$ cat structure.json   # JSON, C-alpha atoms
[["chain", "number", "residue", "atom", "x", "y", "z"],
["A", 26, "MET", "CA", -80.99, -59.43, -24.21],
["A", 27, "ARG", "CA", -84.63, -60.39, -24.51],
["A", 28, "ILE", "CA", -87.37, -58.72, -26.52],
["A", 29, "VAL", "CA", -90.69, -58.34, -24.73],
["A", 30, "PHE", "CA", -93.73, -57.93, -26.97],
["A", 31, "LEU", "CA", -96.72, -56.23, -25.35],
["A", 32, "LEU", "CA", -99.73, -57.39, -27.35],
["A", 33, "GLU", "CA", -103.44, -56.68, -27.30],
["A", 34, "GLU", "CA", -104.53, -60.19, -28.31],
["A", 35, "SER", "CA", -103.39, -63.80, -28.41],
["A", 36, "SER", "CA", -103.61, -64.13, -32.20],
["A", 37, "MET", "CA", -100.60, -61.82, -32.55],
["A", 38, "GLU", "CA", -98.73, -63.96, -30.04],
["A", 39, "MET", "CA", -99.33, -67.07, -32.15],
["A", 40, "PHE", "CA", -98.21, -65.21, -35.28],
["A", 41, "LEU", "CA", -95.01, -63.91, -33.67],
["A", 42, "GLU", "CA", -94.09, -67.26, -32.14],
["A", 43, "ALA", "CA", -94.41, -68.97, -35.52],
["A", 44, "LEU", "CA", -92.68, -66.24, -37.55],
["A", 45, "LEU", "CA", -89.86, -65.36, -35.18],
["A", 46, "GLY", "CA", -89.22, -68.99, -34.32],
["A", 47, "ARG", "CA", -88.58, -69.71, -38.00],
["A", 48, "LEU", "CA", -86.70, -66.55, -38.92],
["A", 49, "PHE", "CA", -84.63, -66.16, -35.75],
["A", 50, "PRO", "CA", -84.42, -69.51, -33.96],
["A", 51, "ASN", "CA", -81.95, -68.17, -31.36],
["A", 52, "LEU", "CA", -83.97, -65.06, -30.52],
["A", 53, "ILE", "CA", -85.08, -64.85, -26.91],
["A", 54, "PHE", "CA", -88.45, -63.17, -26.59],
["A", 55, "LYS", "CA", -91.51, -63.07, -24.37],
["A", 56, "CYS", "CA", -95.07, -62.17, -25.29],
["A", 57, "VAL", "CA", -97.29, -60.44, -22.75],
["A", 58, "VAL", "CA", -100.89, -60.63, -23.96],
["A", 59, "TYR", "CA", -103.60, -58.29, -22.74],
["A", 60, "SER", "CA", -107.39, -58.57, -22.90],
["A", 61, "GLY", "CA", -107.81, -56.16, -25.79],
["A", 62, "ALA", "CA", -106.59, -52.73, -26.78],
["A", 63, "ARG", "CA", -108.11, -50.91, -23.82],
["A", 64, "ASP", "CA", -106.42, -53.24, -21.33],
["A", 65, "LEU", "CA", -103.07, -52.83, -23.10],
["A", 66, "GLU", "CA", -103.29, -49.04, -23.15],
["A", 67, "GLN", "CA", -104.46, -48.76, -19.54],
["A", 68, "SER", "CA", -101.67, -51.04, -18.27],
["A", 69, "LEU", "CA", -98.82, -49.82, -20.46],
["A", 70, "THR", "CA", -97.32, -47.05, -18.31],
["A", 71, "LYS", "CA", -97.57, -49.04, -15.09],
["A", 72, "VAL", "CA", -96.02, -52.17, -16.63],
["A", 73, "LEU", "CA", -93.12, -50.29, -18.17],
["A", 74, "LYS", "CA", -92.42, -48.41, -14.92],
["A", 75, "SER", "CA", -92.43, -51.56, -12.81],
["A", 76, "TRP", "CA", -90.51, -53.90, -15.16],
["A", 77, "ARG", "CA", -87.22, -54.79, -13.46],
["A", 78, "VAL", "CA", -85.47, -57.27, -15.76],
["A", 79, "PRO", "CA", -82.18, -55.69, -16.88],
["A", 80, "GLY", "CA", -81.54, -55.69, -20.62],
["A", 81, "ASP", "CA", -85.13, -56.36, -21.71],
["A", 82, "ARG", "CA", -86.28, -54.33, -24.71],
["A", 83, "PHE", "CA", -89.93, -53.64, -25.50],
["A", 84, "VAL", "CA", -92.12, -53.69, -28.59],
["A", 85, "VAL", "CA", -95.76, -52.59, -28.30],
["A", 86, "VAL", "CA", -98.01, -54.01, -31.02],
["A", 87, "ARG", "CA", -101.51, -52.58, -31.39],
["A", 88, "ASP", "CA", -104.14, -53.08, -34.10],
["A", 89, "ASN", "CA", -105.26, -49.96, -35.94],
["A", 90, "ASP", "CA", -108.95, -51.00, -35.83],
["A", 91, "GLY", "CA", -109.83, -48.49, -38.54],
["A", 92, "GLY", "CA", -108.73, -45.47, -36.52],
["A", 93, "ASP", "CA", -106.13, -42.79, -37.05],
["A", 94, "CYS", "CA", -102.89, -44.79, -36.91],
["A", 95, "TYR", "CA", -100.74, -41.69, -36.38],
["A", 96, "ALA", "CA", -102.78, -40.51, -33.40],
["A", 97, "ARG", "CA", -102.85, -44.03, -31.96],
["A", 98, "LYS", "CA", -99.08, -44.40, -32.20],
["A", 99, "ARG", "CA", -98.49, -40.93, -30.79],
["A", 100, "ARG", "CA", -100.68, -41.75, -27.76],
["A", 101, "LEU", "CA", -98.81, -45.01, -27.12],
["A", 102, "VAL", "CA", -95.41, -43.32, -27.46],
["A", 103, "GLU", "CA", -96.56, -40.68, -24.96],
["A", 104, "LYS", "CA", -97.57, -43.39, -22.49],
["A", 105, "CYS", "CA", -94.15, -45.01, -22.85],
["A", 106, "GLY", "CA", -92.53, -41.62, -22.24],
["A", 107, "MET", "CA", -94.61, -41.16, -19.09],
["A", 108, "ALA", "CA", -93.05, -44.39, -17.84],
["A", 109, "GLY", "CA", -89.59, -42.98, -18.52],
["A", 110, "ARG", "CA", -89.08, -45.34, -21.45],
["A", 111, "ASP", "CA", -88.22, -43.59, -24.69],
["A", 112, "ASP", "CA", -86.61, -46.73, -26.10],
["A", 113, "VAL", "CA", -89.86, -48.67, -26.70],
["A", 114, "LEU", "CA", -90.66, -49.60, -30.29],
["A", 115, "VAL", "CA", -94.35, -48.97, -31.03],
["A", 116, "ARG", "CA", -95.93, -50.60, -34.07],
["A", 117, "ILE", "CA", -99.49, -50.22, -35.32],
["A", 118, "VAL", "CA", -100.73, -53.20, -37.33],
["A", 119, "CYS", "CA", -102.87, -52.20, -40.31]]
$ encode --input "structure.json" --output "structure tokens"
Amino acid sequence: MRIVFLLEESSMEMFLEALLGRLFPNLIFKCVVYSGARDLEQSLTKVLKSWRVPGDRFVVVRDNDGGDCYARKRRLVEKCGMAGRDDVLVRIVC
């Protein structure tokens, strides 16, 4: 099993690689970095629908950017559901 992180920016990728590498050295993960929040949100449904690697699990990480974190998470969860993926973990970074 591999965990695929869908991220809005490269700084989160650097953070996750450092943290997860230290805490879970045997963890297999991949970071997919987008060009900002808009790019991530526009691509999310299509990417999840077309992903064909068996056993991969997804985590979407999105900055709050001073908005309504509940509404933001709800919108991302809905997009995952539209892709037929109700098993995606969505996290809003505050």
$ residues_around --input "structure.json" --residues "Glu103 in chain A" --least-positions-apart "2" --cutoff "12 Å" --atoms "all atoms listed in the file" --output "list in words"
Glu66, Leu69, Thr70, Ala96, Arg97, Lys98, Arg99, Arg100, Leu101, Cys105, Gly106, Met107, Ala108, Gly109, Arg110, Asp111, Asp112, Val113, Leu114 and Val115 of chain A
$ atom_distance --input "structure.json" --atom1 "CA of Arg87 in chain A" --atom2 "CA of Ala62 in chain A"
6.9 Å
$ closest_residue --input "structure.json" --among "A:Gln67, A:Arg27, A:Gly61, A:Leu32" --to "Arg116 in chain A" --atoms "only C-alpha atoms"
A:Leu32
$ closest_residue --input "structure.json" --among "A:Leu52, A:Lys104, A:Gly92, A:Leu45" --to "Lys71 in chain A" --atoms "all atoms listed in the file"
A:Lys104
$ atom_distance --input "structure.json" --atom1 "CA of Val118 in chain A" --atom2 "CA of Asp88 in chain A"
4.7 Å
$ atom_distance --input "structure.json" --atom1 "CA of Val29 in chain A" --atom2 "CA of Cys94 in chain A"
21.9 Å
